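Chemist: Take a look at this one; I'll ask things after.
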Amino acid sequence: MSSDLTQLGVKAIRDGVADGSFTAREVAEVFNANVAAAAALNAFIVTTPDHALDAADRVDADRAAGRPLGSLAGVPIGMKDLFATKGVQTTAASHILEGFIPEYESTVSQNLWNAGAGMLGKLNLDQFAMGSSNETSYFGNVISPWRKTGSNAALAPGGSSGGSSTAVSARLVPAATGTDTGGSIRQPAAFTGITGIKPTYGRCSRWGIVAFASSLDQAGPMARDVTDCAIMLGAMAGFDPKDATSLDLPVPDWAGSLNADMRGKKVGIPREYRMDGTDPEILKSWDDGIAWLKDAGAEVVDISLPHTKYALPAYYIIAPAEASSNLARYDGVRYGLRDLPEGAGLQDMYAATRADGFGDEVKRRVIIGTYVLSAGFYDAYYNQAQRVRTLISQDFENAFTECDIILAPTTPTAAFALGDKSDDPLAMYLNDVFAVPASLAGLPAMSVPCGVNKDGLPLGLQIVGKAFDEQGVLNAGLAIEGRAGFIAKPEKWW
Ligand code: GLN
């Protein structure tokens with residue numbers, strides 16, 4: 001079978017397997033080969049070719065026997081290494097979890113296997129999903145398959161789901177899982193010319209996902225286009241009694257209800273997102289998006305989200321606070337690494353394990369989080385940030401009395417070079433400026449590719465919707481996708 005199968009996305013593979021154009025095994029084999037040939041990108045921490053082949057064989061056998069096929073039957077995917085996968089090392093890209101083999105499967109990954117998907121491997125990420133460039137991984141950074149025109153400099157694939165974004169855009173996988181705490185699906189999607197959606201908080205179960213900031217963490221799909229994301233999100237989402245914040249709501253047929261007709265819809269353009277320092281090409285892409293949605297029949301209205309400028313500082317208090325608490329469990333007793341110096345006691349073991357096991361960015365977050373939760377500073381920082389979070393949610397509630405969805409850039413710049421921001425945490429954190437508000441408010445938000453800049457690098461537009469209105473977000477994304485005509489792909493150099 002031709003290696004052209006790796007050019008296909010989720011829907012094309014699923015439909016081709018179902019109608020007998022090719023077998024699921026052929027699909028798994030060509031993607032396994034692409035994964036094996038792309039070690040230079042460092043997108044995977046471990047590869048699991050047999051998982052993909054076994055799932056494919058089950059689908060082929062089901063089809064031969066005339067049994068019903070799931071919505072992802074025959075589609076091999078990449079799994080961010082933040083999801084616990086039974087019998088397969090799960091590290092969160094941290095030394096402290098190296099060698100941890102879970103005894104259980106996360107709910108989201110189990111849902112995907114139940115829908116007929118298989119796993120090509122565990123994807124690299126920023127350590128504990130903390131970062132925007134993939135440079136905080138213990139297993140080495142991922143390299144974006146993209147390069148500036150006329151340059152060989154290595155670019156960041158975005159973060160934290162940088163293995164996912166690289167694998168999808170380099171055609172190593174048709175789709176991948178991501179998680180988004182403050183932009184980690186949307187920003188890497190924008191940097192690599194792919195599509196990714198973070199659903200409403202609670203849509204996807206967090207059970208079995210390594211926790212970063214529990215009130216913000218959400219799983220979502222990263223794929224080639226809006227339709228593929230809609231199909232995959234449908235398989236991932238659903239109520240789970242094992243997650244106390246899981247939404248007890250039916251999962252709509254998002255893929256079946258896709259509709260790019262925007263007549264009767266109002267699109268809000270938040271004036272506070274026109275920030276100083278935003279790349280003029282990003283602002284131009286935003287104007288293009290506005291024109292496309294108008295062309296699709298939408299009415300465009302000016303809106304205000306007045307507390308936008310406080311979102312980033314609030315996020316960088318709340319997320320580290322929750323992280324410092326979530327990461328207390330890594331102490332050398334139960335999981336992964338244990339450093340027990342000669343003659344040491346329990347406290348020494350904790351200290352040695354954590355000093356050795358956590359990377360610098362993770363330590364920075366634990367220290368910040370512990371500080372903002374400490375008795376003397378709790379009111380000044382943590383409580384204040386929680387109040388700001390409420391105001392940001394109210395901003396969105398007010399805005400959504402005037403519009404149905406919101407359109408904004410995903411990131412303030414296109415992909416930057418590896419090493420460019422790694423010594424300056426604040427510059428790195430600024431990447432998330434447009435992504436974090438929707439996270440704090442728990443709203444569905446998506447990034448869709450909208451064009452390339454003068455250097456030939458992809459840019460993304462962000463669509464934010466009302467709580468539970470993934471359909472509205474996906475539909476607006478489809479309207480943009482159909483008009484942007486984005487076909488750029490990274491040229492293969494690896
Ligand atoms: N880049 C942000 C951070 O470092 C967001 C990460 C994420 O969404 N997981 O916290």
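Going through the structure tokens in order, the chains are called A, B, and so on, while each chain numbers its residues from 1 and the ligands are numbered from 1 in the order shown.
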Could I get the residues of chain A with an atom no further than 7 Å from an atom of ligand 1, each paired with its nearest atom pair and that distance in Å to one decimal, using only C-alpha atoms and all ligand atoms, sorted by chain and residue number, as a tab-separated table?

Modeler:
residue	atom	partner	partner_atom_place_in_ligand_line	distance
A:Ala129	CA	ligand 1	9 (N)	4.3
A:Met130	CA	ligand 1	4 (O)	4.0
A:Gly131	CA	ligand 1	4 (O)	3.5
A:Ser132	CA	ligand 1	1 (N)	4.2
A:Gly159	CA	ligand 1	1 (N)	6.1
A:Ser160	CA	ligand 1	9 (N)	5.3
A:Thr179	CA	ligand 1	9 (N)	6.3
A:Asp180	CA	ligand 1	8 (O)	4.0
A:Thr181	CA	ligand 1	8 (O)	3.4
A:Gly182	CA	ligand 1	8 (O)	3.6
A:Gly183	CA	ligand 1	8 (O)	4.2
A:Ser184	CA	ligand 1	8 (O)	3.6
A:Ile185	CA	ligand 1	8 (O)	6.8
A:Ala319	CA	ligand 1	10 (O)	6.9
A:Tyr429	CA	ligand 1	1 (N)	6.3
A:Asp432	CA	ligand 1	1 (N)	5.9

Chemist: Which polymer residues have any atom within 12 Å of an atom of A:Ala36, counting only C-alpha atoms, with same-chain residues fewer than 5 positions away left out, as a count of residues only?

Modeler: 17

Chemist: Can you list every residue in stretch 271-390 of chain A that DSSP puts in strand (DSSP E), as a PyMOL selection string?

Modeler: chain A and resi 299-303

Chemist: Convert the current residue selection to file output with C-alpha atoms, as a PDB file, in the first residue's frame.

Modeler:
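What follows is the written file again.pdb:
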ATOM      1  CA  GLU A 299     -22.612  39.866  12.100  1.00  0.00           C
ATOM      2  CA  VAL A 300     -19.468  41.228  13.728  1.00  0.00           C
ATOM      3  CA  VAL A 301     -19.716  43.240  16.953  1.00  0.00           C
ATOM      4  CA  ASP A 302     -17.174  45.037  19.079  1.00  0.00           C
ATOM      5  CA  ILE A 303     -17.057  43.659  22.655  1.00  0.00           C
TER       6      ILE A 303
END

Chemist: Between stretch 157-207 of chain A and stretch 233-255 of chain A, at 9 Å or less, what are the per-residue closest atom pairs and their distances in Å? Count only C-alpha atoms, order by chain and rising residue number, and return it as CSV.

Modeler:
residue,atom,partner,partner_atom,distance
A:Ile197,CA,A:Leu233,CA,8.2
A:Pro199,CA,A:Leu233,CA,8.2
A:Tyr201,CA,A:Leu247,CA,8.1
A:Gly202,CA,A:Ser246,CA,4.4
A:Arg203,CA,A:Ala237,CA,5.4
A:Cys204,CA,A:Ala237,CA,4.4
A:Ser205,CA,A:Ser246,CA,5.7
A:Arg206,CA,A:Asp243,CA,6.2
A:Trp207,CA,A:Asp243,CA,5.7

Chemist: Would you output that residue set with all heavy atoms, as an mmCIF file, in the first residue's frame?

Modeler:
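What follows is the written file out16.cif:
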data_model
loop_
_atom_site.group_PDB
_atom_site.id
_atom_site.type_symbol
_atom_site.label_atom_id
_atom_site.label_comp_id
_atom_site.auth_asym_id
_atom_site.auth_seq_id
_atom_site.Cartn_x
_atom_site.Cartn_y
_atom_site.Cartn_z
ATOM 1 N N ILE A 197 -8.868 21.679 19.772
ATOM 2 C CA ILE A 197 -9.938 22.268 20.589
ATOM 3 C C ILE A 197 -9.845 21.789 22.029
ATOM 4 O O ILE A 197 -9.670 20.604 22.304
ATOM 5 C CB ILE A 197 -11.347 21.984 19.987
ATOM 6 C CG1 ILE A 197 -12.460 22.562 20.889
ATOM 7 C CG2 ILE A 197 -11.579 20.495 19.750
ATOM 8 C CD1 ILE A 197 -13.823 22.648 20.216
ATOM 9 N N PRO A 199 -12.297 21.565 25.037
ATOM 10 C CA PRO A 199 -13.736 21.681 25.276
ATOM 11 C C PRO A 199 -14.032 22.415 26.584
ATOM 12 O O PRO A 199 -13.116 22.806 27.314
ATOM 13 C CB PRO A 199 -14.187 20.229 25.342
ATOM 14 C CG PRO A 199 -12.994 19.491 25.863
ATOM 15 C CD PRO A 199 -11.783 20.217 25.331
ATOM 16 N N TYR A 201 -14.703 22.999 30.351
ATOM 17 C CA TYR A 201 -14.164 22.277 31.504
ATOM 18 C C TYR A 201 -15.183 21.234 31.975
ATOM 19 O O TYR A 201 -16.362 21.556 32.174
ATOM 20 C CB TYR A 201 -13.857 23.261 32.650
ATOM 21 C CG TYR A 201 -13.274 22.567 33.860
ATOM 22 C CD1 TYR A 201 -11.937 22.205 33.887
ATOM 23 C CD2 TYR A 201 -14.076 22.241 34.945
ATOM 24 C CE1 TYR A 201 -11.403 21.537 34.979
ATOM 25 C CE2 TYR A 201 -13.549 21.577 36.040
ATOM 26 C CZ TYR A 201 -12.217 21.229 36.046
ATOM 27 O OH TYR A 201 -11.700 20.555 37.126
ATOM 28 N N GLY A 202 -14.729 19.990 32.110
ATOM 29 C CA GLY A 202 -15.626 18.931 32.570
ATOM 30 C C GLY A 202 -16.130 18.003 31.474
ATOM 31 O O GLY A 202 -16.690 16.958 31.761
ATOM 32 N N ARG A 203 -15.964 18.390 30.212
ATOM 33 C CA ARG A 203 -16.432 17.544 29.096
ATOM 34 C C ARG A 203 -15.657 16.224 29.039
ATOM 35 O O ARG A 203 -16.224 15.169 28.787
ATOM 36 C CB ARG A 203 -16.234 18.253 27.761
ATOM 37 C CG ARG A 203 -17.344 19.135 27.326
ATOM 38 C CD ARG A 203 -18.550 18.381 26.814
ATOM 39 N NE ARG A 203 -19.490 19.334 26.250
ATOM 40 C CZ ARG A 203 -20.785 19.133 26.161
ATOM 41 N NH1 ARG A 203 -21.317 18.010 26.590
ATOM 42 N NH2 ARG A 203 -21.550 20.046 25.631
ATOM 43 N N CYS A 204 -14.324 16.339 29.176
ATOM 44 C CA CYS A 204 -13.473 15.142 29.138
ATOM 45 C C CYS A 204 -13.037 14.828 30.565
ATOM 46 O O CYS A 204 -12.596 15.714 31.293
ATOM 47 C CB CYS A 204 -12.240 15.378 28.279
ATOM 48 S SG CYS A 204 -12.597 15.495 26.518
ATOM 49 N N SER A 205 -13.137 13.568 30.908
ATOM 50 C CA SER A 205 -12.753 13.168 32.264
ATOM 51 C C SER A 205 -11.261 13.415 32.496
ATOM 52 O O SER A 205 -10.431 13.149 31.633
ATOM 53 C CB SER A 205 -13.052 11.686 32.457
ATOM 54 O OG SER A 205 -12.469 11.234 33.660
ATOM 55 N N ARG A 206 -10.926 13.887 33.676
ATOM 56 C CA ARG A 206 -9.521 14.047 34.052
ATOM 57 C C ARG A 206 -8.964 12.787 34.703
ATOM 58 O O ARG A 206 -7.794 12.744 35.062
ATOM 59 C CB ARG A 206 -9.361 15.235 35.018
ATOM 60 C CG ARG A 206 -9.558 16.588 34.349
ATOM 61 C CD ARG A 206 -9.368 17.732 35.320
ATOM 62 N NE ARG A 206 -10.367 17.727 36.368
ATOM 63 C CZ ARG A 206 -10.129 17.392 37.633
ATOM 64 N NH1 ARG A 206 -8.916 17.062 38.032
ATOM 65 N NH2 ARG A 206 -11.104 17.389 38.522
ATOM 66 N N TRP A 207 -9.799 11.768 34.865
ATOM 67 C CA TRP A 207 -9.336 10.574 35.578
ATOM 68 C C TRP A 207 -8.217 9.882 34.797
ATOM 69 O O TRP A 207 -8.371 9.573 33.621
ATOM 70 C CB TRP A 207 -10.506 9.607 35.810
ATOM 71 C CG TRP A 207 -10.147 8.583 36.843
ATOM 72 C CD1 TRP A 207 -10.171 8.738 38.204
ATOM 73 C CD2 TRP A 207 -9.692 7.253 36.600
ATOM 74 N NE1 TRP A 207 -9.752 7.586 38.819
ATOM 75 C CE2 TRP A 207 -9.454 6.665 37.860
ATOM 76 C CE3 TRP A 207 -9.462 6.522 35.449
ATOM 77 C CZ2 TRP A 207 -8.998 5.353 38.001
ATOM 78 C CZ3 TRP A 207 -9.007 5.216 35.581
ATOM 79 C CH2 TRP A 207 -8.782 4.649 36.844
#

Chemist: Kindly indicate which residue among A:Gly357, A:Gly376, A:Pro409, A:Gly158 lies nearest to A:Pro280, using only C-alpha atoms for the distances.

Modeler: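 Checking each candidate against A:Pro280, we get A:Pro409 as the closest.
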
Chemist: Stretch 258-299 of chain A near stretch 455-462 of chain A within 10 Å: what's each residue's closest atom pair and its distance in Å to one decimal, counting only C-alpha atoms, ordered by chain then ascending residue number, as JSON lines?

Modeler:
{"residue": "A:Glu281", "atom": "CA", "partner": "A:Leu459", "partner_atom": "CA", "distance": 8.9}
{"residue": "A:Ile282", "atom": "CA", "partner": "A:Leu459", "partner_atom": "CA", "distance": 7.2}
{"residue": "A:Ser285", "atom": "CA", "partner": "A:Leu461", "partner_atom": "CA", "distance": 7.6}
{"residue": "A:Trp286", "atom": "CA", "partner": "A:Leu461", "partner_atom": "CA", "distance": 6.8}
{"residue": "A:Asp288", "atom": "CA", "partner": "A:Leu461", "partner_atom": "CA", "distance": 9.7}
{"residue": "A:Gly289", "atom": "CA", "partner": "A:Leu461", "partner_atom": "CA", "distance": 7.3}

Chemist: With DSSP run on the backbone, what are the helix (DSSP H, G or I) residues within stretch 397-471 of chain A? I'd like them as a list of chain:residue names.

Modeler: A:Glu397, A:Asn398, A:Ala399, A:Pro425, A:Leu426, A:Ala427, A:Met428, A:Tyr429, A:Leu430, A:Val436, A:Pro437, A:Ala438, A:Ser439, A:Leu440, A:Ala441, A:Glu470, A:Gln471

Chemist: Pick out the closest residue to A:Gln218 from this set: A:Gln187, A:Ser393, A:Ser164, A:Thr177. Count only C-alpha atoms.

Modeler: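 Among the listed residues, A:Thr177 lies closest to A:Gln218.
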
Chemist: Please measure the separation of atom CA of A:Ile143 and atom CA of A:Leu155, giving the value in Å to one decimal.

Modeler: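 Calculated distance between atom CA of A:Ile143 and atom CA of A:Leu155 is 6.3 Å.
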
Chemist: What does the distance from atom CA of A:Leu123 to atom CA of A:Ile45 come to in Å, to one decimal?

Modeler: 5.8 Å

Chemist: Could you tell me how far atom CA of A:Val75 lies from atom CA of A:Ala55, in Å and to one decimal?

Modeler: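 Straight-line distance from atom CA of A:Val75 to atom CA of A:Ala55 works out to 9.0 Å.
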
Chemist: So which one's closest to A:Gly208, A:Lys86, A:Lys11, A:Arg334, A:Lys421? Using only C-alpha atoms, please.

Modeler: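 For A:Gly208, the nearest of the candidates is A:Lys86.
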
Chemist: Once you count only C-alpha atoms, what closest atom pair and distance in Å to one decimal does each residue of stretch 238-329 of chain A within 12 Å of stretch 480-486 of chain A have, with rows by chain and rising residue number, as CSV?

Modeler:
residue,atom,partner,partner_atom,distance
A:Asn259,CA,A:Gly482,CA,11.0
A:Ala260,CA,A:Gly482,CA,8.2
A:Asp261,CA,A:Ile480,CA,10.7
A:Met262,CA,A:Ile480,CA,10.3
A:Ser285,CA,A:Ala484,CA,9.8
A:Trp286,CA,A:Ile480,CA,10.9
A:Asp287,CA,A:Ile480,CA,11.8
A:Asp288,CA,A:Ala484,CA,8.4
A:Gly289,CA,A:Ile480,CA,6.5
A:Ile290,CA,A:Ile480,CA,9.0
A:Ala291,CA,A:Ile480,CA,9.4
A:Trp292,CA,A:Ile480,CA,6.0
A:Leu293,CA,A:Ile480,CA,6.6
A:Lys294,CA,A:Ile480,CA,10.1
A:Asp295,CA,A:Arg483,CA,8.8
A:Ala296,CA,A:Ile480,CA,8.4
A:Gly297,CA,A:Ile480,CA,11.7
A:Ala298,CA,A:Ile480,CA,11.5

Chemist: Please dump the current selection as a tab-separated table (two decimals), in the first residue's frame; keep C-alpha atoms.

Modeler:
chain	number	residue	atom	x	y	z
A	259	ASN	CA	-22.43	23.62	9.67
A	260	ALA	CA	-20.38	26.53	8.34
A	261	ASP	CA	-23.40	28.78	7.76
A	262	MET	CA	-22.95	31.68	10.18
A	285	SER	CA	-4.74	37.46	10.18
A	286	TRP	CA	-7.37	38.51	12.73
A	287	ASP	CA	-8.82	40.97	10.19
A	288	ASP	CA	-8.88	38.16	7.61
A	289	GLY	CA	-10.82	35.99	10.08
A	290	ILE	CA	-13.33	38.76	10.66
A	291	ALA	CA	-13.85	39.13	6.90
A	292	TRP	CA	-14.29	35.35	6.47
A	293	LEU	CA	-16.90	35.09	9.19
A	294	LYS	CA	-18.77	38.04	7.68
A	295	ASP	CA	-18.61	36.27	4.34
A	296	ALA	CA	-20.14	33.22	6.06
A	297	GLY	CA	-23.08	35.41	7.08
A	298	ALA	CA	-22.12	36.44	10.62

Chemist: Excluding A:Arg186 and any residue of its chain fewer than 2 positions from it, enumerate the residues within 7 Å of it, using only C-alpha atoms, and give them as a list in words.

Modeler: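 Those residues are Gly183, Ser184, Pro188, Ala189, Ala190, Gly196, Ile197, Thr410, Met446 and Ser447 of chain A.
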
Chemist: Restricting it to all heavy atoms, dump the selection as a PDB file, in the first residue's frame.

Modeler:
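Saved result, result.pdb, follows:
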ATOM      1  N   GLY A 183      -3.617  26.916  27.583  1.00  0.00           N
ATOM      2  CA  GLY A 183      -3.281  27.133  26.173  1.00  0.00           C
ATOM      3  C   GLY A 183      -2.536  25.994  25.495  1.00  0.00           C
ATOM      4  O   GLY A 183      -2.196  26.094  24.321  1.00  0.00           O
ATOM      5  N   SER A 184      -2.289  24.929  26.215  1.00  0.00           N
ATOM      6  CA  SER A 184      -1.385  23.875  25.719  1.00  0.00           C
ATOM      7  C   SER A 184      -1.906  23.044  24.564  1.00  0.00           C
ATOM      8  O   SER A 184      -1.147  22.256  23.995  1.00  0.00           O
ATOM      9  CB  SER A 184      -1.000  22.929  26.848  1.00  0.00           C
ATOM     10  OG  SER A 184       0.036  23.488  27.594  1.00  0.00           O
ATOM     11  N   PRO A 188       0.314  25.290  20.689  1.00  0.00           N
ATOM     12  CA  PRO A 188       1.078  24.424  19.786  1.00  0.00           C
ATOM     13  C   PRO A 188       0.354  24.151  18.468  1.00  0.00           C
ATOM     14  O   PRO A 188       0.996  24.019  17.419  1.00  0.00           O
ATOM     15  CB  PRO A 188       1.282  23.126  20.577  1.00  0.00           C
ATOM     16  CG  PRO A 188       0.523  23.259  21.841  1.00  0.00           C
ATOM     17  CD  PRO A 188       0.070  24.658  21.997  1.00  0.00           C
ATOM     18  N   ALA A 189      -0.967  24.097  18.486  1.00  0.00           N
ATOM     19  CA  ALA A 189      -1.709  23.922  17.227  1.00  0.00           C
ATOM     20  C   ALA A 189      -1.424  25.111  16.311  1.00  0.00           C
ATOM     21  O   ALA A 189      -1.146  24.947  15.119  1.00  0.00           O
ATOM     22  CB  ALA A 189      -3.208  23.786  17.500  1.00  0.00           C
ATOM     23  N   ALA A 190      -1.474  26.330  16.874  1.00  0.00           N
ATOM     24  CA  ALA A 190      -1.232  27.536  16.069  1.00  0.00           C
ATOM     25  C   ALA A 190       0.190  27.541  15.502  1.00  0.00           C
ATOM     26  O   ALA A 190       0.408  27.915  14.357  1.00  0.00           O
ATOM     27  CB  ALA A 190      -1.465  28.785  16.915  1.00  0.00           C
ATOM     28  N   GLY A 196      -6.872  22.410  16.939  1.00  0.00           N
ATOM     29  CA  GLY A 196      -7.014  21.779  18.249  1.00  0.00           C
ATOM     30  C   GLY A 196      -8.096  22.468  19.046  1.00  0.00           C
ATOM     31  O   GLY A 196      -8.234  23.692  18.979  1.00  0.00           O
ATOM     32  N   ILE A 197      -8.868  21.679  19.772  1.00  0.00           N
ATOM     33  CA  ILE A 197      -9.938  22.268  20.589  1.00  0.00           C
ATOM     34  C   ILE A 197      -9.845  21.789  22.029  1.00  0.00           C
ATOM     35  O   ILE A 197      -9.670  20.604  22.304  1.00  0.00           O
ATOM     36  CB  ILE A 197     -11.347  21.984  19.987  1.00  0.00           C
ATOM     37  CG1 ILE A 197     -12.460  22.562  20.889  1.00  0.00           C
ATOM     38  CG2 ILE A 197     -11.579  20.495  19.750  1.00  0.00           C
ATOM     39  CD1 ILE A 197     -13.823  22.648  20.216  1.00  0.00           C
ATOM     40  N   THR A 410      -4.721  33.335  18.366  1.00  0.00           N
ATOM     41  CA  THR A 410      -4.366  32.309  19.350  1.00  0.00           C
ATOM     42  C   THR A 410      -3.119  32.724  20.127  1.00  0.00           C
ATOM     43  O   THR A 410      -3.039  32.525  21.342  1.00  0.00           O
ATOM     44  CB  THR A 410      -4.114  30.954  18.653  1.00  0.00           C
ATOM     45  OG1 THR A 410      -5.228  30.648  17.829  1.00  0.00           O
ATOM     46  CG2 THR A 410      -3.918  29.846  19.674  1.00  0.00           C
ATOM     47  N   MET A 446     -10.866  27.011  20.544  1.00  0.00           N
ATOM     48  CA  MET A 446     -10.200  26.239  19.495  1.00  0.00           C
ATOM     49  C   MET A 446      -9.232  27.119  18.731  1.00  0.00           C
ATOM     50  O   MET A 446      -9.449  28.324  18.615  1.00  0.00           O
ATOM     51  CB  MET A 446     -11.268  25.705  18.527  1.00  0.00           C
ATOM     52  CG  MET A 446     -10.720  24.960  17.340  1.00  0.00           C
ATOM     53  SD  MET A 446     -11.974  24.021  16.454  1.00  0.00           S
ATOM     54  CE  MET A 446     -12.979  25.323  15.872  1.00  0.00           C
ATOM     55  N   SER A 447      -8.174  26.524  18.209  1.00  0.00           N
ATOM     56  CA  SER A 447      -7.299  27.233  17.279  1.00  0.00           C
ATOM     57  C   SER A 447      -7.412  26.577  15.903  1.00  0.00           C
ATOM     58  O   SER A 447      -7.364  25.347  15.795  1.00  0.00           O
ATOM     59  CB  SER A 447      -5.850  27.204  17.751  1.00  0.00           C
ATOM     60  OG  SER A 447      -5.027  27.917  16.832  1.00  0.00           O
TER      61      SER A 447
END

Chemist: So which residues touch A:Lys198 within 6 Å, counting only C-alpha atoms, skipping near sequence neighbours fewer than 3 positions away, as an MDAnalysis selection string?

Modeler: chainID A and resid 220 444:445

Chemist: Identify, on the basis of only C-alpha atoms, every residue whose closest approach to A:Gly472 does not exceed 8 Å; exclude the query and any residue fewer than 3 positions from it along the same chain; express the result as a PyMOL selection string.

Modeler: chain A and resi 404-405+465+469+475-476

Chemist: Give me, as a list in words, all polymer residues having an atom no more than 6 Å from stretch 97-111 of chain A, counting only C-alpha atoms and skipping those fewer than 2 positions away in the same chain.

Modeler: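 The residues satisfying every condition are Phe83, Ala84, Thr85, Lys86, Gly87, Val88, Gln89, Thr90, Thr91, Ser94, His95, Trp113, Asn114, Trp207, Gly208, Met236 and Gly336 of chain A.
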
Chemist: Identify, on the basis of only C-alpha atoms, every residue whose closest approach to A:Ile317 does not exceed 8 Å; exclude the query and any residue fewer than 5 positions from it along the same chain; express the result as a list in words.

Modeler: Ile368, Gly369, Val372, Tyr381, Tyr382 and Ala385 of chain A
